[in-house]
Amino acid sequence: MAEMTPMKRQYYEIKEQCPDCLLFFRLGDFYEMFDEDAKVASKELDLALTTRDRNKAPEDQTPMCGVPYHSCEAYIGRLIAKGYKVAICEQLEDPSAATGLVERGVIRVITPGTVTDSSMLEEGRSNYLCALWLEGEEGAAAFCDVSTGEFCVAAFPTEPVTHILNELGRFAPREAVLSPQALKNADIAAFLQKLNCLPEDGADRFREEPCRELTFAQFQEAGSAGETLAAGALLSYLVETQKCDLSHIRRLERFGQGRYMELDYTSRRNLELTENLRTGEKRGSLLWVLDKTKTPMGGRLLRSWIPSPSAGVFPPWGSFMIAPSSARSLS
């Protein structure tokens, strides 16, 4: 095999840092992909597969393909929609001022659950990432929409799998960070597959002390042991992938304290709250009837309300007066 060039050595060193991602490696005005990444991207994006080593033996040729950096969002969006992760490797210094090889490094990892670019998001629909913790007969779940800063957590001291499945049906996350027991749970695995949610092995993220430190640093508070583990594991994943300030995520909301009526996935589907049964589209659902919102933010808010009816205490029915004529019309 031919001797490796300095640039190729730099590429492989960076690729080792994110082996489960397609690496977009910045070269001038293009993001280039090499080897297996190039073969995958070429197939998924209908790009021409080429090589710079045409004068070398076939076994020494490196497959490659690329996309223009100024229009990369559309390509990345298509890959994310198909469940891939994309690591963005940028030039960290001005090439004209560099001595020798330009310094490069990964500035962000984009995954299905951490998309923030509006061009890659479905208008009026939140994009959730979640962390699920199971240990014995207890469990907890945390959900975050990175684009809006929404962050919710709940602990389930009894029947945790049932509650977790119900919340997965409500939030419909795109990606899930799983504790070892959650990763092995067949019901959770099957449900994530049904939701087309990408599972992520989070075995090293659910450690008590790091999770408590991360949760307290982010929110200046920590909840129960389960809540802290789920929230901390989720924050750990965000810190690793986003590599940027997360100060817009500043409020920790607890949803497992009887504030909302808990509906199972089958009931939500049969009631056609946010999508119709026949095609899975919004048209024909309760959301479609009610949605007169003018902005994506309003659409997301309404969409979050409908599957989560309030479980608060209402005035007794006797406090409402119904006129006899109205009563006859209701009979």
# chains A, B, ... in the order shown; residues from 1 in each chain; ligands from 1

call {"tool": "residues_around", "arguments": {"residues": "stretch 137-143 of chain A", "least_positions_apart": "5", "cutoff": "6 Å", "atoms": "only C-alpha atoms", "output": "PDB file with C-alpha atoms, in the first residue's frame"}}
result
ATOM      1  CA  LEU A 129     -34.146  14.091  21.432  1.00  0.00           C
ATOM      2  CA  CYS A 130     -34.708  11.904  24.493  1.00  0.00           C
ATOM      3  CA  ALA A 131     -32.845   9.935  27.146  1.00  0.00           C
ATOM      4  CA  LEU A 132     -34.405   6.854  28.727  1.00  0.00           C
ATOM      5  CA  PHE A 151     -36.377  20.468  28.262  1.00  0.00           C
ATOM      6  CA  CYS A 152     -38.746  18.082  30.123  1.00  0.00           C
ATOM      7  CA  VAL A 153     -38.081  15.267  32.556  1.00  0.00           C
ATOM      8  CA  ALA A 154     -40.110  12.747  34.577  1.00  0.00           C
ATOM      9  CA  ALA A 155     -39.460   9.786  36.872  1.00  0.00           C
ATOM     10  CA  PHE A 156     -41.632   6.659  36.943  1.00  0.00           C
ATOM     11  CA  PRO A 157     -41.376   4.714  40.230  1.00  0.00           C
ATOM     12  CA  PRO A 160     -41.783   2.464  34.067  1.00  0.00           C
ATOM     13  CA  GLY A 226     -34.002   9.015  38.094  1.00  0.00           C
ATOM     14  CA  GLU A 227     -34.750  12.504  36.796  1.00  0.00           C
ATOM     15  CA  ALA A 230     -32.051  11.007  32.497  1.00  0.00           C
ATOM     16  CA  ALA A 231     -31.468  14.771  32.335  1.00  0.00           C
TER      17      ALA A 231
END

call {"tool": "residues_around", "arguments": {"residues": "A:Leu165", "least_positions_apart": "4", "cutoff": "12 Å", "atoms": "only C-alpha atoms", "output": "number ranges by chain"}}
result
A: 132, 139-141, 156, 159-161, 169-173, 182, 185-192, 194-195, 262-266

call {"tool": "residues_around", "arguments": {"residues": "A:Gly113", "least_positions_apart": "4", "cutoff": "9 Å", "atoms": "only C-alpha atoms", "output": "NGL selection string"}}
result
:A and (127-130 or 144-146 or 173-176 or 197-198)

call {"tool": "closest_atom_pairs", "arguments": {"of": "stretch 21-56 of chain A", "to": "stretch 86-103 of chain A", "cutoff": "8 Å", "atoms": "only C-alpha atoms", "output": "CSV"}}
result
residue,atom,partner,partner_atom,distance
A:Cys21,CA,A:Val86,CA,5.1
A:Leu22,CA,A:Val86,CA,4.8
A:Leu23,CA,A:Ala87,CA,4.9
A:Phe24,CA,A:Ile88,CA,5.1
A:Phe25,CA,A:Cys89,CA,4.9
A:Arg26,CA,A:Glu90,CA,5.3
A:Leu27,CA,A:Gln91,CA,7.9

call {"tool": "select_by_dssp", "arguments": {"residues": "stretch 47-278 of chain A", "states": "alpha helix (DSSP H)", "output": "ChimeraX atom specification"}}
result
/A:72-81,160-171,180-184,186-194,208-219,225-242,265-271

call {"tool": "closest_residue", "arguments": {"among": "A:Ser304, A:Glu253, A:Gln61, A:Arg104", "to": "A:Gly28", "atoms": "only C-alpha atoms"}}
result
A:Arg104

call {"tool": "closest_residue", "arguments": {"among": "A:Pro63, A:Pro68, A:Gly136, A:Pro19", "to": "A:Tyr31", "atoms": "only C-alpha atoms"}}
result
A:Pro68

call {"tool": "closest_atom_pairs", "arguments": {"of": "stretch 174-198 of chain A", "to": "stretch 202-216 of chain A", "cutoff": "6 Å", "atoms": "only C-alpha atoms", "output": "tab-separated table"}}
result
residue	atom	partner	partner_atom	distance
A:Val177	CA	A:Gly202	CA	5.4
A:Leu178	CA	A:Gly202	CA	5.1
A:Ser179	CA	A:Ala203	CA	5.3
A:Pro180	CA	A:Ala203	CA	5.5
